[in-house]
Structure formats: structure tokens, C-alpha cells
Amino acid sequence: MEDKVTDAQKEAPIRIDHDNVDVADIMDQIKQRIAQRPPVLAGAPAATGEGPSSVAPAAPGGGEGPSGVVPVAPGGGEGPSDVVPVAPGGGEGPPGVVPAAPGRGEGPSDVVPVAPGGGEGPPGVVPAAPGRGEGPPGVVPAAPGRGEGPAMRVLRMLIRPFMPIVRPLLDRFIIRVNMDVNVRIDQMNDRFNARIDEMSGSLDLRIDEMSRRLDLRIDEMTRKLDLRIDEMTRRLDMRIDEMSGSLNMRMNEMSDSLNMRMNEMSDSLNLRMNEMSGSLNLRIDQVSDGLNMGIDEMSDGLNTTQENTKLLHALAHNLVLDLTKLRIEHEALKSKTRIMEKDFEALGKREKVLEKRMIE
Amino acid sequence: MKLAFVVQRYGMEINGGAELHCRWIAEHMMKYSDVEVLTTRALDYITWENHYPGGEGVVNGVPVRRFSVTRTRCPERFGRLQRFILENEHRVEDELRWVEEEGPCVPSLVQYIGKHAADFDYFIFFSYRYYHSFFGIRAVPEKSILVPTAEHDAVIHLNIFKSLFNMPLAFVYNSIEERRMIEGVSRNGRIPGDIVGVGTEVPPVSSGERFRGRHGIDGDYILYIGRIDENKGCHRLFEYFLRFKTETGSMVKLVLIGNAVLNIPSHPDLFPLGFLPEEDKFDALEGARLLVMPSFYESLSMVTLEAWAMRKPVLANARCEVLKGQCLRSNAGLFYDNYDEFRESLALLLGSEGLCRAMGGNGRKYYDAHYTWESIENKYLALLRRLEGT
């Protein structure tokens, strides 16, 4: 275990002074080392198997169709084919890039024969019909490569009424010719296949040789690239250090100037605040004096009003007392008057009685 | 001088966090003053169900007065309310309801503090976020000292705590980071306080070989001590550790001591041993290459201090500001923020015996300077003297 970890440490050895351990420094070095690691590519599988599986290798067969790229079948042909295996293995893979047909040329499939006149090349395995004329009976003749002239058309029209007679003769003749042709085709086919096998063998050898050379070349280029990357990394580090140094200097300068400016501003602000404070205090004193005077005046006025109110109150009180007395006297006088009225009436009656007695 | 220690739970069975912290401080302060612990009858920190008998008692020589919890906590309801107030605009009433739901709901304890304020010189409250501190400090702000044991938790930003942090007479913080966080939240820098933490006692003799023999562990191992919980970052530790082993082919093992509330992956190099007695714990520390602390939130981490006391380096989670700060200040531990850093740091520590020795030595020095009981007691006494002077 430790060995592997030690290998990892070889990336950039962490400097530790055991007599004076500085955790902050160690952590900085650890962070630096992690930062210097090349980023893990998104498609690369993670070491623990937890990485994303966006690109999976294509399975050549079997159940699970891979996503992404399906391998191209050997042969390198570009021609379309009616036997192209889409998603080999019948799996779930999306129809991305389908493998090409194993044919070599650009010709059509190895099933449908095409007249060589109009085709673009021989098919991979089965040779095309050699003739340029009509195909055998039952087989739809392929169109001639260069088209049918007017003389041919006239000839066809002329022959057509005699076709019931001509047809058996033609058939017999054509079948015989066709058999010869078939024998010839088989021979050519054998030769052709032998040649293809031979070429395929030499091609494989050639491909292996090229592959070896390519690998060597790639290794060489990788080494050069690594060296170049190291060199660039070193230069970049140096440049970063330089920039960092100049940036720090610049930041220090800016910080100093900023501090100076802030100190100046602070001083002027303090000065201004002191001035404002002085004038504000003066104004407050003035307002306070004026306010005090006003309050004194108002206080005097208030005192006079208070005395007057007291006098008025006493007066009102006395008036109420006198009025009450007068009311009582008035009531007493009214009672006396009523008594005197009654006395007067009694006296009148007495007078009348006395007068009567005197007259009698 | 008479001190009251006010804490949410108290007992010999409670072996972690603020409660153990309080118990140790109370036991050590008995040498210098009269001490009484005011606490609840609860044992279970999830439901706060009454467990201990109420009234007066004695725990390990310390007088304890227990008050009944009037309402148990419903974790689901509390979780819903907490989510609501953390994710939505809400009123102060909602936050007060959160305090009541958080519990432990002990109005009789608060009433007792109010009525008997004159009987004590200082009330030392542990854990800011619980009912007893929230209402207890309000009952005697002029005599209260708060040991917040605050973690980097979202609830610390609730409005109700801003005012709470401005009430006590003084603070006893566990770390610089905790002080910075609380001052940042509440602007309470004017309130006196000190960074104290808690001490630990290391047994005179401990043996890694004894531990290996008892539990059948061969070869190098790294050690985790604490509750095996997702909140403690254990799931991430398992993931990183197993990935480290796959990538490096390392033979190192991970020994886990503590109760598990998380499914531990089945792996031949993972040794979950459950809760072990103190002697076993120190034996395990003695035999370990290092202590790993994957927790995201810690107010102090006593096991980290114990590891340093045992001259063992620590590999901590850098997302926990306190642990990272402690590692940097002590130069006795590395920390990681992601898998790459975990891998590099662990590989470095496992690959260098000298570094482990040097860091372990630094850890011990740091422990001797700040976390011996003598030092802790002196800091408490100095703070109390300072408060007496004012």
C-alpha cells in the first residue's frame, strides 16, 4: 500500500520539516499537487468504476448493444448493402453508425447481379453477368449499359409477331450459351477468389507492418509531446511565478496608495467633521439661547395670566357668594311680603268688622 | 462562592457532548466553590422523556437538583417546524414555538432559578439552543455565564438568539471559531468571555496490543470515535475510505468506536466495535495510526483532544471550521475538503512514520498548553475573578 502511495507522491514530493511541522504549508502543497494533476477526461472510466459511462466500447456481438460508435466491419468497403447488420447481436444499441458491408468495392450487393456495363465495379464475391444483352429467362434483364438504339427497337417490333416461333429457338440457343458462360464464370470465380485470398494475406501482412510502424510513430510523438508539454508547463509556471510576483508587487503598491489615500481622506474627513461640529455647536448654542429667551418671555406672560386667572377666580367666587346671599334675602323678603299681605288682609277684615261694629 | 451549573441532561450514563463537558467542569470546580447542578429528569436527548427521579440527589459527589420535563419532544413535529423556519419567512412567535418544541420544556427549573437567584453567585448555562438556557438566562441575566457549545448550525442565525447572546454576564467559548461565529451573529463583543474548552484525563497506562488482541485486529488501523451517524459525516468517511483502499490497495483498516445510527457497509477492513469503555477507547487510540474526524459540525471535539493527548495525529473534515482551526493552530492534524485531499492526506500520514510522530508530539504540546485540567480550572477561576472585580 505504502509503495503505491509513495509512487503517487513522486508527482511532486511534499517537503516536510519534521522538527517544525507546518500544517498550512503541507495542505498548500497537497492542494498544489492535486491542482497540477491533469484533469480526468469525461469519457475516461474512473479508477473506482464510478466515472461516467458516456462512451462505452462497442460490443461486436452479444446481448447489449453499446451506445455510441459501432465498429466498422473489416474490409473497409463503402458500398451499401442489403445485408448490413444493424446493431449486431440484436441488442439495444441506437442506430448510430452502422458497419459497412464486407465488400471491397463500391459496387452493389453480392446478391443482385448487375450488368457490368452499367455497374461501377465488380462486386465482392459473386461476379456480375458478363453479357450485355438480356438475361436468362425468368430473370429480369438488366438495362444495357449504353442504352438501346433505334435500330434495335425497330428490330424488336419486327420480330414481335414471330416471337411464339422464335422464342423456343432463342431459349434453346441462349441456354446452351448460358451454360458455357456459367462454366466460364465458375472458373473465373475460382481464380478471382484465389487472387483475393492471396491479396488479403499480403494485405494483412502489410497492415500489420503499418500498424507496427504507426505504433512506433505514435510512441515517438507521445514522447515528444510529453517533453513539449513539460517544457511548456515549466515555462508557464515560470511565467505564472513572474506574473504572480509582479501582481503581488502591484497589489502591494495599490494597497499602499489606497491606504495613503484612505488616510488622507480620513484626515480631511476628520477635519471637515471637526469644522462642521464647531459650526453646529455654535448654531445649537444660538438656537438654545433664543429658545431660552422665548421660554422666559412666555414664562413671564404665563405668570401674569396665572395671577389674572387667580383674581378672576376669587372674583367669581365672591360674586357667587353675594348672589347666593341676595337670593336668600330675596326669598326671605318674599316670605315677609306674603306674611304682610296676609296680615294686611286680616287687618282689612278686622277694619271692616270694626267699622261695622262702630256703625252699629 | 456558590455556582449553579444548568444543563439539559446530567448523569454518569451520558457520555458525550455538552452534558459530559458540564459534568467534568462541575466536578472540577467543586474544589474551589460550592456547586449545584440544576437539570432535568431526562436521559433521552430526542424525546426528553423523564427518566431520573425528580428532586435532589448526588452524582459522582456533585449535588444535583432535577426538574420534570412537562412536554416530551415529537421529533417529526419539531423537524417540520425547524424546516419551516429555516426555509421560510416567519415571525418571532414561530421561533419561540421552535424553542418550546426543541425543549426540554422545564418551566419549574426556570421558576426555581428566578426564585433562588440570590442563593447563587453565578449560573453557568450549557448549550445555548435549549429551553433551559433560553429562558433561564432571561431569569437571571446579571448572574449568568453561557457556555454556548455552538456549532456551525443554521439555527444560530435565528433572531431570538441575537438578543440571547447579548444578555449573559459572560461567555465561556470552546474555540476561537465559535467565538467568532457568535460575535458575528450577535455583535456581542463587549460582553467579557474567554476561550476555555474542556480538559481530559489520560490513563497512565494504555496498550494498543491489548486492544488488538481483544478485538482481533492486525496491522495498521485508523480510528473513528463517536456516534456513527450521517450528521457526523460517517457515510462520507466510509465512501472515501473504501475508495482509498480500492485505488491504493492499502491494507489499512478503519476501526469504529461508538453507537451506530447508520448502516455500516459490510467490508472486512471495517471494524465497528460499538460503544466501548474508557480504558478500551484509550487502548484503541494508543494502537491507532491516527484519529479520523469526518464531522461537519463540532463545537470542540473532545476525542480530538484525547487523540492529541495520546500523541496521535488527526485527519479532520475541513468543512468543520473548528477542527480545521484546531489542526492549523496545533500543527497536529491534516484536513480534507474532498476525496483527493482525503487520499493525499491519508496516504501522507500512513506513509510517513516521522510525520505522524512529529504531529503527535505537536498535538501533545497543544494539549498540555491549553487542555490540561489545571489550565481549564485556572481559566474558569480567572474569569470568575474578573467578574467579581467588575
# chains A, B, ... in the order shown; residues from 1 in each chain; ligands from 1

call {"tool": "residues_around", "arguments": {"residues": "Asn259 (chain B)", "least_positions_apart": "4", "cutoff": "7 Å", "atoms": "only C-alpha atoms", "output": "compact mmCIF listing (two decimals) with N, CA and C atoms, in the first residue's frame"}}
result
# COMPACT_ATOMS: atom_id res chain seq x y z
N ARG B 227 -20.47 8.94 17.76
CA ARG B 227 -21.69 8.34 17.23
C ARG B 227 -21.53 8.14 15.73
N ILE B 228 -21.88 6.94 15.27
CA ILE B 228 -21.74 6.65 13.84
C ILE B 228 -23.03 7.09 13.17
N GLY B 274 -18.87 -0.87 18.30
CA GLY B 274 -19.91 -0.38 19.22
C GLY B 274 -19.30 0.48 20.31
N PHE B 275 -20.13 0.72 21.35
CA PHE B 275 -19.66 1.56 22.44
C PHE B 275 -18.71 0.77 23.34

call {"tool": "select_by_dssp", "arguments": {"residues": "region 124-225 of chain B", "states": "alpha helix (DSSP H)", "output": "ChimeraX atom specification"}}
result
/B:131-139,159-164,176-186,208-215

call {"tool": "closest_residue", "arguments": {"among": "A:Ile295, A:Val23, A:Ile14, A:Leu333", "to": "chain B", "atoms": "only C-alpha atoms"}}
result
A:Val23

call {"tool": "interface_residues", "arguments": {"of": "chain B", "to": "chain A", "cutoff": "8 Å", "atoms": "only C-alpha atoms", "output": "JSON, numbers by chain"}}
result
{"B": [243, 246, 247, 248, 249, 250, 251, 327, 328, 331, 332, 333, 334, 335, 340, 341, 344, 345, 347, 348, 350, 351, 354, 355, 358, 359]}

call {"tool": "residues_around", "arguments": {"residues": "Leu291 (chain B)", "least_positions_apart": "6", "cutoff": "7 Å", "atoms": "only C-alpha atoms", "output": "list in words"}}
result
Ile222, Leu223, Tyr224, Ala307, Lys312, Pro313, Val314 and Leu315 of chain B

call {"tool": "closest_residue", "arguments": {"among": "B:Ser295, B:Gly197, B:Asp218, B:Val261", "to": "Tyr367 (chain B)", "atoms": "only C-alpha atoms"}}
result
B:Gly197

call {"tool": "select_by_dssp", "arguments": {"residues": "region 132-318 of chain B", "states": "strand (DSSP E)", "output": "ChimeraX atom specification"}}
result
/B:144-147,170-173,193-195,221-225,253-257,270-272,290-293,314-317

call {"tool": "closest_residue", "arguments": {"among": "B:Glu142, B:Glu87, B:Asp153, B:Glu388", "to": "Asn231 (chain B)", "atoms": "only C-alpha atoms"}}
result
B:Asp153

call {"tool": "atom_distance", "arguments": {"atom1": "CA of Arg129 (chain B)", "atom2": "CA of Leu164 (chain B)"}}
result
9.8 Å

call {"tool": "residues_around", "arguments": {"residues": "Val58 (chain B)", "least_positions_apart": "3", "cutoff": "12 Å", "atoms": "only C-alpha atoms", "output": "list in words"}}
result
Tyr10, Gly11, Met12, Arg23, Glu27, Val35, Glu36, Val37, Leu38, Tyr52, Pro53, Gly54, Gly55, Gly61, Val62, Pro63, Val64, Arg65 and Arg66 of chain B

call {"tool": "residues_around", "arguments": {"residues": "Val196 (chain B)", "least_positions_apart": "5", "cutoff": "12 Å", "atoms": "only C-alpha atoms", "output": "short mmCIF file (atom, residue, chain, number, x, y, z; two decimals) with N, CA and C atoms, in the first residue's frame"}}
result
data_model
loop_
_atom_site.label_atom_id
_atom_site.label_comp_id
_atom_site.auth_asym_id
_atom_site.auth_seq_id
_atom_site.Cartn_x
_atom_site.Cartn_y
_atom_site.Cartn_z
N HIS B 21 -19.23 17.54 29.11
CA HIS B 21 -18.44 18.76 29.31
C HIS B 21 -18.85 19.42 30.63
N ILE B 25 -16.65 19.81 34.17
CA ILE B 25 -16.34 21.14 34.71
C ILE B 25 -16.90 21.26 36.13
N VAL B 147 -22.04 28.93 28.34
CA VAL B 147 -21.09 28.10 27.58
C VAL B 147 -21.88 27.62 26.36
N PRO B 148 -21.78 28.33 25.26
CA PRO B 148 -22.76 28.10 24.18
C PRO B 148 -22.66 26.72 23.53
N THR B 149 -21.48 26.14 23.47
CA THR B 149 -21.23 24.90 22.71
C THR B 149 -21.94 24.97 21.35
N PHE B 171 -19.20 34.94 28.73
CA PHE B 171 -19.23 33.74 27.89
C PHE B 171 -18.00 32.87 28.16
N VAL B 172 -18.19 31.57 28.03
CA VAL B 172 -17.04 30.65 28.02
C VAL B 172 -17.12 29.89 26.70
N TYR B 173 -16.20 30.22 25.79
CA TYR B 173 -16.25 29.61 24.47
C TYR B 173 -15.37 28.36 24.44
N ASN B 174 -15.65 27.54 23.44
CA ASN B 174 -14.84 26.34 23.24
C ASN B 174 -13.69 26.57 22.28
N SER B 175 -13.86 27.50 21.37
CA SER B 175 -12.81 27.73 20.37
C SER B 175 -12.91 29.14 19.82
N ILE B 176 -11.84 29.53 19.15
CA ILE B 176 -11.82 30.86 18.52
C ILE B 176 -12.93 30.95 17.48
N GLU B 178 -15.75 29.42 17.37
CA GLU B 178 -17.07 29.55 17.99
C GLU B 178 -17.30 31.00 18.43
N ARG B 179 -16.29 31.58 19.03
CA ARG B 179 -16.41 32.97 19.48
C ARG B 179 -16.67 33.89 18.29
N SER B 299 -18.29 21.63 18.03
CA SER B 299 -18.00 22.82 18.82
C SER B 299 -16.60 22.73 19.40
N LEU B 300 -16.16 21.52 19.70
CA LEU B 300 -14.81 21.35 20.26
C LEU B 300 -14.19 20.02 19.85
N ALA B 369 -0.60 22.72 26.67
CA ALA B 369 -0.67 24.18 26.80
C ALA B 369 -2.09 24.66 27.07
N HIS B 370 -3.09 23.96 26.54
CA HIS B 370 -4.45 24.52 26.60
C HIS B 370 -5.48 23.64 27.27
N TYR B 371 -5.28 22.35 27.33
CA TYR B 371 -6.39 21.49 27.71
C TYR B 371 -6.11 20.55 28.89
N THR B 372 -5.10 20.85 29.68
CA THR B 372 -4.96 20.08 30.91
C THR B 372 -5.97 20.64 31.90
N TRP B 373 -6.36 19.85 32.87
CA TRP B 373 -7.39 20.32 33.80
C TRP B 373 -6.93 21.53 34.59
N GLU B 374 -5.68 21.55 34.89
CA GLU B 374 -5.16 22.70 35.65
C GLU B 374 -5.39 23.99 34.86
N SER B 375 -5.08 23.90 33.57
CA SER B 375 -5.23 25.07 32.72
C SER B 375 -6.71 25.47 32.60
N ILE B 376 -7.57 24.48 32.45
CA ILE B 376 -9.01 24.77 32.31
C ILE B 376 -9.55 25.40 33.59
N GLU B 377 -9.19 24.81 34.72
CA GLU B 377 -9.68 25.34 36.00
C GLU B 377 -9.19 26.77 36.20
N ASN B 378 -7.94 27.01 35.89
CA ASN B 378 -7.39 28.37 36.05
C ASN B 378 -8.12 29.38 35.18
N LYS B 379 -8.50 28.95 33.98
CA LYS B 379 -9.22 29.88 33.10
C LYS B 379 -10.59 30.21 33.67
N TYR B 380 -11.28 29.20 34.21
CA TYR B 380 -12.59 29.47 34.83
C TYR B 380 -12.42 30.39 36.03
N LEU B 381 -11.43 30.10 36.86
CA LEU B 381 -11.23 30.92 38.07
C LEU B 381 -10.87 32.36 37.70
N ALA B 382 -10.05 32.51 36.67
CA ALA B 382 -9.66 33.87 36.24
C ALA B 382 -10.88 34.63 35.76
N LEU B 383 -11.75 33.95 35.03
CA LEU B 383 -12.96 34.62 34.54
C LEU B 383 -13.86 35.02 35.70
#

call {"tool": "atom_distance", "arguments": {"atom1": "CA of Ile191 (chain B)", "atom2": "CA of Ile137 (chain B)"}}
result
14.3 Å

call {"tool": "atom_distance", "arguments": {"atom1": "CA of Arg80 (chain B)", "atom2": "CA of Val99 (chain B)"}}
result
13.4 Å

call {"tool": "closest_residue", "arguments": {"among": "B:Gly114, B:Pro277, B:Gly79, B:Pro204", "to": "Trp98 (chain B)", "atoms": "only C-alpha atoms"}}
result
B:Gly79
